[in-house]
>>> print(open('structure-v1.cif').read())   # mmCIF, C-alpha atoms
data_final
loop_
_atom_site.label_atom_id
_atom_site.label_comp_id
_atom_site.auth_asym_id
_atom_site.auth_seq_id
_atom_site.Cartn_x
_atom_site.Cartn_y
_atom_site.Cartn_z
CA MET A 822 74.50 -109.90 92.98
CA ALA A 823 76.40 -111.13 89.92
CA ARG A 824 78.70 -108.44 88.55
CA MET A 825 78.86 -107.44 84.91
CA GLY A 826 81.70 -109.35 83.32
CA ASP A 827 81.52 -112.35 85.69
CA VAL A 828 82.42 -115.55 83.85
CA LEU A 829 81.22 -119.09 84.55
CA ALA A 830 83.35 -121.64 82.67
CA GLY A 831 82.21 -125.16 81.92
CA PHE A 832 83.06 -127.94 79.48
CA HIS A 833 83.24 -126.61 75.89
CA ALA A 834 81.90 -123.13 76.77
CA ALA A 835 82.00 -120.17 79.14
CA TRP A 836 79.15 -117.81 80.00
CA GLU A 837 79.91 -114.14 80.60
CA PHE A 838 77.16 -112.26 82.39
CA GLU A 839 76.33 -108.75 81.17
CA SER A 840 73.68 -106.30 82.38
CA ASP A 841 71.21 -107.23 79.64
CA SER A 842 72.58 -110.45 78.10
CA VAL A 843 74.70 -113.56 78.47
CA LEU A 844 77.67 -113.85 76.13
CA ILE A 845 78.40 -117.51 75.39
CA ARG A 846 81.89 -118.26 74.11
CA PHE A 847 82.45 -121.75 72.78
CA GLU A 848 85.80 -123.57 72.86
CA ARG A 849 87.46 -124.83 69.70
CA GLY A 850 88.95 -127.98 71.18
CA ILE A 851 88.89 -131.30 69.37
CA ARG A 852 86.20 -132.64 71.75
CA THR A 853 83.97 -129.59 71.40
CA PRO A 854 80.82 -130.29 69.32
CA LYS A 855 81.34 -129.01 65.79
CA LEU A 856 78.21 -126.86 65.99
CA PHE A 857 79.71 -124.96 68.94
CA GLN A 858 82.96 -124.43 67.05
CA THR A 859 81.04 -123.08 64.07
CA LEU A 860 78.99 -120.70 66.21
CA GLY A 861 82.10 -119.35 67.97
CA GLU A 862 80.21 -117.08 70.32
CA ARG A 863 76.62 -115.94 70.76
CA ARG A 864 75.12 -113.06 72.70
CA ILE A 865 71.78 -114.07 74.21
CA PRO A 866 69.67 -111.09 75.39
CA LEU A 867 67.95 -111.75 78.70
CA ASP A 868 64.66 -111.00 76.93
CA ALA A 869 65.28 -114.12 74.82
CA ILE A 870 65.43 -116.45 77.85
CA ALA A 871 62.22 -117.96 79.23
CA ALA A 872 63.62 -119.89 82.22
CA VAL A 873 66.79 -121.23 83.83
CA THR A 874 67.26 -124.70 85.30
CA LEU A 875 70.08 -126.56 87.05
CA THR A 876 69.96 -130.34 86.94
CA PRO A 877 72.32 -133.28 87.58
CA GLY A 878 74.24 -134.34 84.48
CA LYS A 879 76.11 -137.46 83.47
CA ARG A 880 79.29 -138.73 85.12
CA GLY A 881 79.63 -136.24 87.96
CA THR A 882 78.40 -133.09 86.25
CA VAL A 883 75.61 -130.55 86.57
CA VAL A 884 73.87 -128.78 83.70
CA LEU A 885 72.91 -125.12 83.71
CA HIS A 886 70.27 -124.65 81.03
CA ALA A 887 68.87 -121.35 79.78
CA GLU A 888 65.61 -122.25 78.07
CA PRO A 889 65.13 -119.97 75.04
CA ARG A 890 61.87 -118.13 74.66
CA PRO A 891 59.85 -119.56 71.73
CA GLY A 892 60.40 -117.51 68.60
CA ALA A 893 63.42 -115.63 69.99
CA ASP A 894 66.30 -117.51 68.35
CA PRO A 895 66.28 -118.45 64.63
CA LEU A 896 68.80 -121.24 65.27
CA MET A 897 66.54 -123.01 67.76
CA GLU A 898 63.46 -122.31 65.64
CA ALA A 899 65.11 -123.96 62.64
CA ALA A 900 66.27 -126.89 64.79
CA ALA A 901 62.67 -127.48 65.92
CA GLY A 902 63.70 -129.72 68.82
CA GLN A 903 65.96 -131.98 66.74
CA LEU A 904 69.29 -131.08 68.37
CA LYS A 905 70.90 -133.69 70.57
CA GLU A 906 71.52 -132.55 74.15
CA ALA A 907 75.28 -132.45 73.64
CA SER A 908 74.83 -129.96 70.81
CA ASP A 909 72.36 -127.66 72.57
CA PRO A 910 74.08 -124.24 72.75
CA TYR A 911 71.92 -123.24 75.73
CA ARG A 912 73.34 -125.99 77.99
CA LEU A 913 76.46 -125.37 80.08
CA VAL A 914 77.92 -128.56 81.57
CA LEU A 915 80.05 -128.13 84.70
CA PRO A 916 81.82 -130.42 87.18
CA ALA A 917 79.49 -131.37 90.06
CA GLU A 918 81.77 -129.63 92.58
CA ARG A 919 80.79 -126.31 90.96
CA ALA A 920 77.08 -126.89 91.57
CA THR A 921 76.87 -124.27 94.33
CA LEU A 922 78.41 -121.61 92.11
CA ALA A 923 76.15 -122.63 89.22
CA GLU A 924 73.10 -122.41 91.49
CA TYR A 925 74.13 -118.89 92.50
CA TYR A 926 74.21 -117.73 88.88
CA ALA A 927 70.99 -119.59 88.10
CA ASP A 928 69.24 -117.72 90.92
CA GLU A 929 70.65 -114.41 89.72
CA LEU A 930 69.36 -115.04 86.20
CA ARG A 931 65.95 -116.14 87.46
CA ALA A 932 65.61 -112.87 89.37
CA LEU A 933 66.37 -110.89 86.21
CA LEU A 934 63.91 -112.96 84.16
CA ALA A 935 61.03 -112.56 86.62
CA THR A 936 59.39 -109.83 84.55
CA ASN A 937 60.08 -111.36 81.13
CA ASP A 938 57.26 -111.65 78.61
CA THR A 939 56.70 -115.32 77.77
CA ASP A 940 54.83 -114.74 74.49
CA PRO A 941 56.74 -115.19 71.21
CA PRO A 942 58.37 -111.87 70.24
CA GLU A 943 57.52 -110.05 67.00
CA ARG A 944 61.11 -110.39 65.81
CA TYR A 945 64.09 -112.62 66.54
CA LEU A 946 66.04 -111.38 69.56
CA VAL A 947 69.19 -113.47 68.98
CA GLU A 948 71.34 -112.57 65.98
CA PRO A 949 71.41 -115.20 63.20
CA PRO A 950 74.66 -116.66 61.81
CA GLU A 951 76.35 -114.19 59.49
CA THR A 952 76.31 -114.57 55.71
CA PRO A 953 77.62 -115.56 53.25
CA LEU A 954 77.09 -119.23 54.08
CA GLN A 955 77.39 -122.41 52.06
CA PHE A 956 77.52 -126.18 52.48
CA LYS A 957 77.53 -129.36 50.41
CA ALA A 958 74.42 -131.53 50.56
CA TYR A 959 74.20 -135.00 49.02
CA ASP A 960 72.63 -133.79 45.78
CA GLY A 961 73.92 -130.23 45.48
CA LYS A 962 75.74 -127.23 46.88
CA ALA A 963 73.69 -124.64 48.78
CA SER A 964 74.78 -121.00 49.16
CA PHE A 965 73.17 -117.96 50.76
CA ASP A 966 74.35 -114.35 50.46
CA GLY A 967 71.72 -112.76 52.68
CA LYS A 968 69.35 -111.92 49.82
CA SER A 969 68.93 -115.15 47.86
CA VAL A 970 69.53 -118.89 48.16
CA HIS A 971 71.15 -120.87 45.35
CA PHE A 972 71.22 -124.63 44.76
CA ARG A 973 73.73 -126.05 42.28
CA TRP A 974 73.09 -129.73 41.58
CA PHE A 975 75.67 -132.52 41.62
CA TRP A 976 75.37 -135.04 38.81
CA THR A 977 76.35 -137.82 41.22
CA GLY A 978 73.44 -137.25 43.60
CA ALA A 979 70.68 -135.10 42.12
CA SER A 980 67.45 -136.73 40.92
CA SER A 981 66.35 -136.49 37.29
CA ALA A 982 63.61 -134.09 38.42
CA LYS A 983 66.20 -131.68 39.76
CA TRP A 984 68.43 -132.02 36.71
CA LYS A 985 65.44 -131.26 34.52
CA ALA A 986 64.61 -128.16 36.58
CA GLY A 987 68.21 -126.95 36.48
CA ASP A 988 70.18 -125.05 39.10
CA GLN A 989 67.92 -122.95 41.30
CA GLY A 990 67.90 -119.44 42.80
CA PHE A 991 65.36 -118.18 45.35
CA ALA A 992 65.01 -114.59 46.51
CA VAL A 993 64.24 -114.23 50.21
CA SER A 994 61.17 -112.19 49.26
CA ASP A 995 59.74 -115.26 47.48
CA LEU A 996 60.03 -117.50 50.56
CA CYS A 997 57.77 -117.94 53.58
CA GLY A 998 59.82 -120.32 55.67
CA VAL A 999 62.43 -123.07 55.97
CA GLU A 1000 62.06 -126.76 56.87
CA TRP A 1001 65.20 -128.39 58.30
CA ARG A 1002 65.37 -132.09 59.04
CA SER A 1003 68.50 -133.17 60.88
CA PRO A 1004 70.99 -135.30 58.91
CA GLU A 1005 71.42 -137.32 62.13
CA VAL A 1006 67.88 -138.64 61.68
CA PHE A 1007 66.44 -140.71 58.85
CA GLU A 1008 66.05 -138.68 55.61
CA GLY A 1009 67.49 -135.28 56.50
CA HIS A 1010 66.93 -132.30 54.20
CA LEU A 1011 66.70 -128.53 53.91
CA ARG A 1012 63.56 -127.35 52.13
CA LEU A 1013 62.72 -123.77 51.21
CA LEU A 1014 59.01 -123.06 51.57
CA ARG A 1015 57.82 -120.82 48.78
CA ARG A 1016 55.35 -118.02 49.26
CA ALA A 1017 53.29 -118.46 46.09
CA SER A 1018 50.40 -120.82 46.92
CA ALA A 1019 50.15 -121.74 43.25
CA ILE A 1020 53.50 -123.53 43.44
CA ALA A 1021 52.89 -127.12 44.53
CA GLN A 1022 56.05 -128.55 46.07
CA PRO A 1023 56.70 -132.31 45.74
CA ALA A 1024 56.29 -134.15 49.04
CA GLN A 1025 59.64 -135.93 48.65
CA ALA A 1026 62.63 -133.65 49.14
CA ASP A 1027 64.74 -135.52 46.59
CA GLN A 1028 62.19 -134.55 43.92
CA ASP A 1029 61.78 -130.92 45.05
CA PRO A 1030 63.99 -128.33 43.29
CA ALA A 1031 63.47 -126.11 46.35
CA ALA A 1032 65.19 -128.65 48.63
CA VAL A 1033 68.54 -130.32 49.10
CA VAL A 1034 68.84 -133.72 50.76
CA PHE A 1035 71.48 -134.89 53.21
CA GLY A 1036 73.54 -138.06 53.19
CA LEU A 1037 76.41 -139.51 55.20
CA GLY A 1038 78.89 -136.65 55.50
CA TYR A 1039 76.77 -134.31 53.40
CA GLY A 1040 74.82 -131.49 55.04
CA PRO A 1041 76.18 -131.99 58.59
CA VAL A 1042 74.40 -130.21 61.45
CA HIS A 1043 77.17 -127.67 62.07
CA GLU A 1044 76.91 -126.46 58.46
CA SER A 1045 73.28 -126.92 57.45
CA LEU A 1046 71.60 -125.72 60.66
CA PRO A 1047 73.30 -122.27 60.82
CA PHE A 1048 72.50 -121.96 57.10
CA ALA A 1049 68.81 -122.74 57.74
CA ALA A 1050 68.71 -120.31 60.68
CA SER A 1051 70.21 -117.48 58.64
CA VAL A 1052 67.69 -117.98 55.83
CA LEU A 1053 64.82 -118.21 58.31
CA ALA A 1054 65.86 -114.94 59.97
CA ALA A 1055 66.07 -113.18 56.59
CA VAL A 1056 62.63 -114.47 55.60
CA ARG A 1057 61.10 -113.29 58.86
CA ALA A 1058 62.76 -109.88 58.53
CA ALA A 1059 61.18 -109.52 55.09
CA GLY A 1060 57.85 -108.65 56.73
CA PRO A 1061 54.56 -109.97 58.13
CA SER A 1062 53.67 -111.62 54.83
CA ALA A 1063 56.54 -114.03 55.44
CA LYS A 1064 54.25 -115.91 57.84
CA ILE A 1065 52.18 -117.28 54.94
CA GLU A 1066 52.26 -121.07 54.94
CA ALA A 1067 53.35 -123.01 51.89
CA THR A 1068 51.39 -126.10 50.93
CA VAL A 1069 53.29 -129.38 50.65
CA PRO A 1070 51.04 -132.14 49.31
CA ARG A 1071 50.60 -135.29 51.36
CA ARG A 1072 52.37 -138.44 50.26
CA ASP A 1073 50.78 -141.51 48.76
CA PRO A 1074 49.90 -143.95 51.62
CA ALA A 1075 51.70 -146.73 49.73
CA ASP A 1076 54.87 -144.63 49.65
CA ILE A 1077 54.56 -144.00 53.40
CA ALA A 1078 54.18 -147.73 54.04
CA ASP A 1079 57.29 -148.51 51.98
CA ARG A 1080 59.31 -145.94 53.87
CA ILE A 1081 58.16 -147.25 57.25
CA ARG A 1082 59.16 -150.77 56.17
CA HIS A 1083 62.58 -149.47 55.12
CA LEU A 1084 62.91 -147.60 58.41
CA GLY A 1085 62.06 -150.84 60.24
CA GLU A 1086 64.81 -152.67 58.35
CA LEU A 1087 67.34 -150.00 59.35
CA HIS A 1088 66.14 -150.28 62.96
CA GLU A 1089 66.50 -154.07 62.99
CA ALA A 1090 69.99 -153.73 61.52
CA GLY A 1091 70.97 -151.40 64.35
CA LEU A 1092 71.50 -148.41 62.05
CA VAL A 1093 68.66 -146.43 63.64
CA THR A 1094 68.13 -146.16 67.41
CA ASP A 1095 64.83 -146.93 69.15
CA GLU A 1096 64.23 -143.22 69.69
CA GLU A 1097 65.03 -142.28 66.08
CA PHE A 1098 62.76 -145.07 64.84
CA THR A 1099 59.85 -143.90 67.01
CA VAL A 1100 60.25 -140.23 66.07
CA LYS A 1101 60.59 -140.83 62.32
CA LYS A 1102 57.76 -143.35 62.21
CA ALA A 1103 55.49 -140.80 63.90
CA GLU A 1104 56.56 -138.14 61.37
CA LEU A 1105 55.77 -140.45 58.47
CA LEU A 1106 52.37 -141.44 59.89
CA ALA A 1107 51.54 -137.75 60.39
CA GLU A 1108 51.89 -137.24 56.63
CA LEU A 1109 49.02 -139.62 55.87
#
>>> encode(input="structure-v1.cif", output="structure tokens")
Amino acid sequence: MARMGDVLAGFHAAWEFESDSVLIRFERGIRTPKLFQTLGERRIPLDAIAAVTLTPGKRGTVVLHAEPRPGADPLMEAAAGQLKEASDPYRLVLPAERATLAEYYADELRALLATNDTDPPERYLVEPPETPLQFKAYDGKASFDGKSVHFRWFWTGASSAKWKAGDQGFAVSDLCGVEWRSPEVFEGHLRLLRRASAIAQPAQADQDPAAVVFGLGYGPVHESLPFAASVLAAVRAAGPSAKIEATVPRRDPADIADRIRHLGELHEAGLVTDEEFTVKKAELLAEL
């Protein structure tokens, strides 16, 4: 049996096995993904893990992957499947010669998870990133103190609609969710979903005073994703009513067509990969 305090070290991270959790400590080396460096370390309760796999990796490596239970980790909920594999904090990459040792720990974890509930938990089981948090988006600066979110617009990037609305402040109690779109994919943004159904939010994030948009170097994953996760956790902790859905109106079909054409131009120019093109095109078509 694995002993409490056993450590399995891989590239960019080390997993320490405790009686009821796995403590993941991330390296701060220059090659370590910036998201890992920002997270520092994370304690993952065993109750938050749905399954464990061990698979061959790239260039003589193996990958130990603890699959998080849906609804257990605000960071992964906010990411909504948009993280690249290299930035997935639940993957531990090891040299292939350590595959036997990795398999041993994988088996030990599987035995402990055998009785786990697979349904989404009523509350987040993994602690969110600590506040206060802030980051610079393309059109404004976002800050969160644990109780309210503030957007301060930049004159160089904010739309006239946002300038007209003025700088914004949103109490957690007035929100029902967060929508994060990775800045590594076409048209990234962070949108706060407001509780009041009477408030119609513009479909385009650059026109929505409750959203900040990302650009090259603005709103990077390692800053905007922990921010989104922290807000999401605070909203969920506010109570059951936080599950109310906000209504975002559908876009004009002509606008969707223009954006797909623009996306196609970026794809042809080699600025968007085949996978990114397919994913974003599907997202745009889903808004029709």
>>> residues_around(input="structure-v1.cif", residues="Glu948 of chain A", least_positions_apart="4", cutoff="8 Å", atoms="all atoms listed in the file", output="mmCIF file with C-alpha atoms, in the coordinates of the input")
data_model
loop_
_atom_site.group_PDB
_atom_site.id
_atom_site.type_symbol
_atom_site.label_atom_id
_atom_site.label_comp_id
_atom_site.auth_asym_id
_atom_site.auth_seq_id
_atom_site.Cartn_x
_atom_site.Cartn_y
_atom_site.Cartn_z
ATOM 1 C CA ARG A 863 76.620 -115.940 70.760
ATOM 2 C CA ARG A 864 75.120 -113.060 72.700
ATOM 3 C CA ASP A 894 66.300 -117.510 68.350
ATOM 4 C CA PRO A 895 66.280 -118.450 64.630
#
>>> atom_distance(input="structure-v1.cif", atom1="atom CA of Asp827 of chain A", atom2="atom CA of Val883 of chain A")
19.2 Å
>>> closest_atom_pairs(input="structure-v1.cif", of="segment 1002-1064 of chain A", to="segment 839-861 of chain A", cutoff="10 Å", atoms="all atoms listed in the file", output="JSON lines")
{"residue": "A:Pro1041", "atom": "CA", "partner": "A:Leu856", "partner_atom": "CA", "distance": 9.2}
{"residue": "A:Val1042", "atom": "CA", "partner": "A:Leu856", "partner_atom": "CA", "distance": 6.8}
{"residue": "A:His1043", "atom": "CA", "partner": "A:Leu856", "partner_atom": "CA", "distance": 4.1}
{"residue": "A:Glu1044", "atom": "CA", "partner": "A:Leu856", "partner_atom": "CA", "distance": 7.7}
{"residue": "A:Ser1045", "atom": "CA", "partner": "A:Leu856", "partner_atom": "CA", "distance": 9.9}
{"residue": "A:Leu1046", "atom": "CA", "partner": "A:Leu856", "partner_atom": "CA", "distance": 8.6}
{"residue": "A:Pro1047", "atom": "CA", "partner": "A:Leu860", "partner_atom": "CA", "distance": 8.0}
>>> write_last_selection(input="structure-v1.cif", atoms="C-alpha atoms", output="compact mmCIF listing (two decimals), keeping the file's coordinate frame")
# COMPACT_ATOMS: atom_id res chain seq x y z
CA PRO A 1041 76.18 -131.99 58.59
CA VAL A 1042 74.40 -130.21 61.45
CA HIS A 1043 77.17 -127.67 62.07
CA GLU A 1044 76.91 -126.46 58.46
CA SER A 1045 73.28 -126.92 57.45
CA LEU A 1046 71.60 -125.72 60.66
CA PRO A 1047 73.30 -122.27 60.82
>>> resolve_selection(input="structure-v1.cif", expression="the PyMOL selection byres ((chain A and resi 910-913) around 9)", output="ChimeraX atom specification")
/A:830-836,845,847,856-857,860,863,883-889,906-909,914-915
>>> residues_around(input="structure-v1.cif", residues="Asp995 of chain A", least_positions_apart="2", cutoff="8 Å", atoms="all atoms listed in the file", output="VMD selection string")
chain A and resid 991 to 993 997 1015 to 1017
>>> atom_distance(input="structure-v1.cif", atom1="atom CA of Pro950 of chain A", atom2="atom CA of Ala1050 of chain A")
7.1 Å
>>> resolve_selection(input="structure-v1.cif", expression="the PyMOL selection byres ((chain A and resi 1026) around 12)", output="NGL selection string")
:A and (959-960 or 979-980 or 982-983 or 1000-1002 or 1008-1014 or 1022-1025 or 1027-1035 or 1069-1070 or 1072)
>>> atom_distance(input="structure-v1.cif", atom1="atom CA of Ala1049 of chain A", atom2="atom CA of Met897 of chain A")
10.3 Å
>>> closest_residue(input="structure-v1.cif", among="A:Thr882, A:Thr1094, A:Ser981, A:Thr939", to="Pro916 of chain A", atoms="all atoms listed in the file")
A:Thr882
